[in-house]
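Visitor: I am sharing target.txt, which consists of compact mmCIF, C-alpha atoms:
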```txt
# COMPACT_ATOMS: atom_id res chain seq x y z
CA MET O 1 41.73 21.25 13.90
CA GLN O 2 42.20 19.50 10.57
CA THR O 3 41.67 20.89 7.11
CA GLY O 4 42.00 19.53 3.59
CA PHE O 5 42.00 15.78 3.07
CA ILE O 6 41.47 13.62 6.16
CA ASP O 7 43.24 10.32 6.83
CA LEU O 8 41.03 8.60 9.43
CA ASP O 9 43.87 6.25 10.40
CA ARG O 10 45.74 9.28 11.76
CA ILE O 11 42.82 10.48 13.90
CA PRO O 12 42.73 9.07 17.46
CA ALA O 13 39.56 7.14 18.24
CA ILE O 14 37.50 7.53 21.39
CA GLU O 15 35.04 4.99 22.76
CA PRO O 16 32.21 6.95 24.43
CA VAL O 17 30.35 3.71 25.23
CA PRO O 18 31.37 0.06 24.82
CA GLY O 19 31.39 -1.11 21.19
CA CYS O 20 31.27 2.41 19.71
CA ARG O 21 34.44 3.96 18.33
CA LEU O 22 34.51 7.37 16.73
CA ARG O 23 36.99 9.66 15.05
CA THR O 24 36.12 13.34 14.86
CA PRO O 25 38.07 15.58 12.49
CA HIS O 26 36.89 19.19 12.65
CA ALA O 27 37.38 22.74 11.45
CA ASN O 28 36.38 25.87 13.39
CA SER O 29 32.60 25.38 13.39
CA LEU O 30 31.96 22.01 11.71
CA MET O 31 32.83 18.52 12.94
CA LEU O 32 32.65 15.14 11.21
CA SER O 33 32.20 12.02 13.30
CA TYR O 34 33.02 8.63 11.76
CA LEU O 35 31.26 6.19 14.10
CA GLU O 36 31.87 2.43 14.02
CA MET O 37 29.42 0.35 16.07
CA ASP O 38 29.73 -3.33 16.93
CA ASP O 39 26.65 -5.56 16.57
CA GLY O 40 24.30 -4.74 19.45
CA ALA O 41 26.24 -1.64 20.51
CA GLU O 42 24.07 1.19 21.81
CA VAL O 43 24.45 4.94 21.97
CA PRO O 44 21.91 5.48 24.76
CA LEU O 45 19.27 8.21 24.79
CA HIS O 46 20.95 11.59 25.16
CA SER O 47 20.81 15.16 23.91
CA HIS O 48 23.26 18.00 23.38
CA PRO O 49 23.15 21.64 22.30
CA HIS O 50 24.76 20.87 18.92
CA GLU O 51 22.82 20.33 15.69
CA GLN O 52 23.54 16.89 14.23
CA GLY O 53 23.03 15.37 10.82
CA GLY O 54 24.11 12.00 9.58
CA VAL O 55 24.03 9.21 7.05
CA LEU O 56 24.17 5.48 7.72
CA LEU O 57 27.00 4.13 5.56
CA LYS O 58 26.90 0.41 6.48
CA GLY O 59 24.72 -1.94 8.49
CA THR O 60 21.31 -1.48 10.11
CA LEU O 61 20.38 0.87 12.95
CA GLN O 62 17.41 1.20 15.20
CA LEU O 63 17.38 4.99 15.45
CA THR O 64 15.24 7.05 17.81
CA ILE O 65 14.90 10.81 17.31
CA GLY O 66 12.54 12.48 19.76
CA ASP O 67 9.41 10.31 19.99
CA GLU O 68 9.95 8.43 16.70
CA THR O 69 11.90 5.17 16.25
CA ARG O 70 12.75 3.65 12.88
CA VAL O 71 14.94 0.87 11.56
CA VAL O 72 17.21 2.51 8.97
CA GLN O 73 19.36 1.07 6.20
CA PRO O 74 22.50 2.33 4.40
CA GLY O 75 21.89 5.63 2.66
CA SER O 76 19.35 6.79 5.25
CA LEU O 77 19.81 10.46 6.19
CA PHE O 78 18.73 12.13 9.43
CA LEU O 79 18.77 15.56 11.08
CA ILE O 80 18.62 16.08 14.85
CA PRO O 81 17.90 19.59 16.13
CA SER O 82 19.69 20.99 19.17
CA GLY O 83 18.40 19.55 22.45
CA VAL O 84 16.34 16.69 20.94
CA PRO O 85 16.89 13.32 22.68
CA HIS O 86 18.15 10.54 20.39
CA ARG O 87 19.46 6.95 20.58
CA ALA O 88 21.02 4.42 18.18
CA VAL O 89 21.46 0.64 18.34
CA ALA O 90 23.35 -1.45 15.74
CA ILE O 91 21.16 -4.43 14.87
CA ASN O 92 21.86 -7.55 12.80
CA GLY O 93 25.59 -6.79 12.59
CA PRO O 94 28.01 -3.88 12.86
CA ALA O 95 27.20 -0.41 11.55
CA VAL O 96 29.09 2.66 10.33
CA VAL O 97 27.63 6.17 10.56
CA LEU O 98 28.97 9.51 9.36
CA ASP O 99 27.65 12.32 11.56
CA VAL O 100 28.13 16.06 11.22
CA PHE O 101 27.95 18.46 14.18
CA SER O 102 27.63 22.23 14.31
CA PRO O 103 29.04 23.84 16.27
CA ILE O 104 31.80 21.34 16.94
CA ARG O 105 31.36 18.98 19.89
CA GLU O 106 33.90 20.46 22.29
CA ASP O 107 34.00 17.19 24.24
CA TYR O 108 34.91 15.14 21.16
CA ALA O 109 37.50 17.76 20.15
CA ASP O 110 39.08 17.09 23.56
CA LEU O 111 38.79 13.30 22.94
CA ALA O 112 36.20 13.05 25.71
CA ASN O 113 32.44 12.48 26.13
CA ARG O 114 30.26 14.84 28.15
CA TYR O 115 26.75 14.15 26.83
CA ILE O 116 26.28 10.39 26.32
CA PRO O 117 25.41 8.59 29.56
CA PRO O 118 27.02 5.25 30.39
CA VAL O 119 25.24 2.13 29.14
CA GLU O 120 23.51 0.25 31.94
CA PRO O 121 24.72 -3.38 32.16
CA THR O 122 22.19 -5.97 31.09
CA PRO O 123 21.17 -8.28 33.98
CA GLY O 124 22.39 -11.68 33.21
```
The structure in this file should be written as structure tokens.

Guide:
Amino acid sequence: MQTGFIDLDRIPAIEPVPGCRLRTPHANSLMLSYLEMDDGAEVPLHSHPHEQGGVLLKGTLQLTIGDETRVVQPGSLFLIPSGVPHRAVAINGPAVVLDVFSPIREDYADLANRYIPPVEPTPG
């Protein structure tokens, strides 16, 4: 658990899927997730019991929440209720997202991933 001012460089990163690195400082019931995505990186469709909100800080995302997909730009805000499937793909360059989870993602607190499935390799 971290409190006060956060130095992201001191937070270990995890890579739940290729091209996606996140750092997740947290308190008792609130977690921040600073997500850096390479161009074309995908967080595949998944859901979890945590509520999630976020803001796109840099880049462009194709974001799916439930049955709706939009292309979002920096400054776009989103809320994802518990259990709702969602997906994100960085398009036209890298992207940076700040997510908030409540309660904290216990898997991320343990520097692990329990909810995001592996990305299927593209036939080539």

Visitor: Let me make sure I understand: among O:Ala90, O:Leu8, O:Val55, O:Leu79, which one has the smallest atom-to-atom distance to O:Val43 if we use only C-alpha atoms?

Guide: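 Ranked by minimum distance to O:Val43, first place goes to O:Ala90.
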
Visitor: Give me the residues within 10 Å of O:Gln52 as a ChimeraX atom specification, counting only C-alpha atoms and dropping any in the same chain fewer than 2 places off.

Guide: /O:31-33,48-50,54,78-82,84,99-105

Visitor: Stretch 67-80 of chain O, all listed atoms, 3 Å padding on each side: what axis-aligned box centre and edge lengths in Å to one decimal come out, as AutoDock Vina command-line options?

Guide:
```
--center_x 16.0 --center_y 8.5 --center_z 11.3 --size_x 19.1 --size_y 21.2 --size_z 23.3
```

Visitor: Provide the atom CA of O:His26 to atom CA of O:Glu106 distance in Å, to one decimal place.

Guide: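 Separation between atom CA of O:His26 and atom CA of O:Glu106: 10.2 Å.
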
Visitor: When you count only C-alpha atoms, which of these residues is closest to O:Ile116: O:Ser76, O:Thr64, O:Ser47, O:Thr24?

Guide: O:Ser47

Visitor: Counting all atoms listed in the file, which residues sit no farther than 6 Å from the position (32.2, 1.6, 9.8) in the file's frame? I'd like them as a list of chain:residue names.

Guide: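 Answer for this query, in the requested form: O:Glu36, O:Ala95, O:Val96.
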
Visitor: Taking (23.9, 5.4, 2.1) as a centre in this file's frame and 9 Å as the limit, can you find every polymer residue with an atom that close, using only C-alpha atoms, and give them as a list in words?

Guide: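 Protein and nucleic acid residues near the point are Val55, Leu56, Leu57, Lys58, Gln73, Pro74, Gly75, Ser76 and Leu77 of chain O.
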
Visitor: Using Å and a single decimal, report how far atom CA of O:Ile14 sits from atom CA of O:Arg114.

Guide: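 Atom-to-atom, atom CA of O:Arg114 and atom CA of O:Ile14 are spaced 12.3 Å apart.
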
Visitor: Which one of O:Pro16, O:Arg21, O:Thr69, O:Val119 sits closest to O:Asp107 if you count all atoms listed in the file?

Guide: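 Among the listed residues, O:Pro16 lies closest to O:Asp107.
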
Visitor: Determine the nearest neighbour of O:Asp39 from the options O:Val97, O:Val17, O:Val72, O:Ile91, counting all atoms listed in the file.

Guide: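 Nearest candidate to O:Asp39 out of O:Val97, O:Val17, O:Val72, O:Ile91: O:Ile91.
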
Visitor: Here is a test: counting all atoms listed in the file, which residue of O:Ala112, O:Ile6, O:Ile65, O:Val89 is nearest to O:Cys20?

Guide: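 Looking only at the distances to O:Cys20, the closest residue turns out to be O:Val89.
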
Visitor: What is the distance between atom CA of O:Leu111 and atom CA of O:Leu61, in Å to one decimal?

Guide: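 These atoms are spaced 24.4 Å apart.
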
Visitor: Near O:Leu45, counting all atoms listed in the file, which residues have an atom at most 8 Å away, once you skip same-chain residues fewer than 3 positions from it, shown as a PyMOL selection string?

Guide: chain O and resi 85-88+116-117
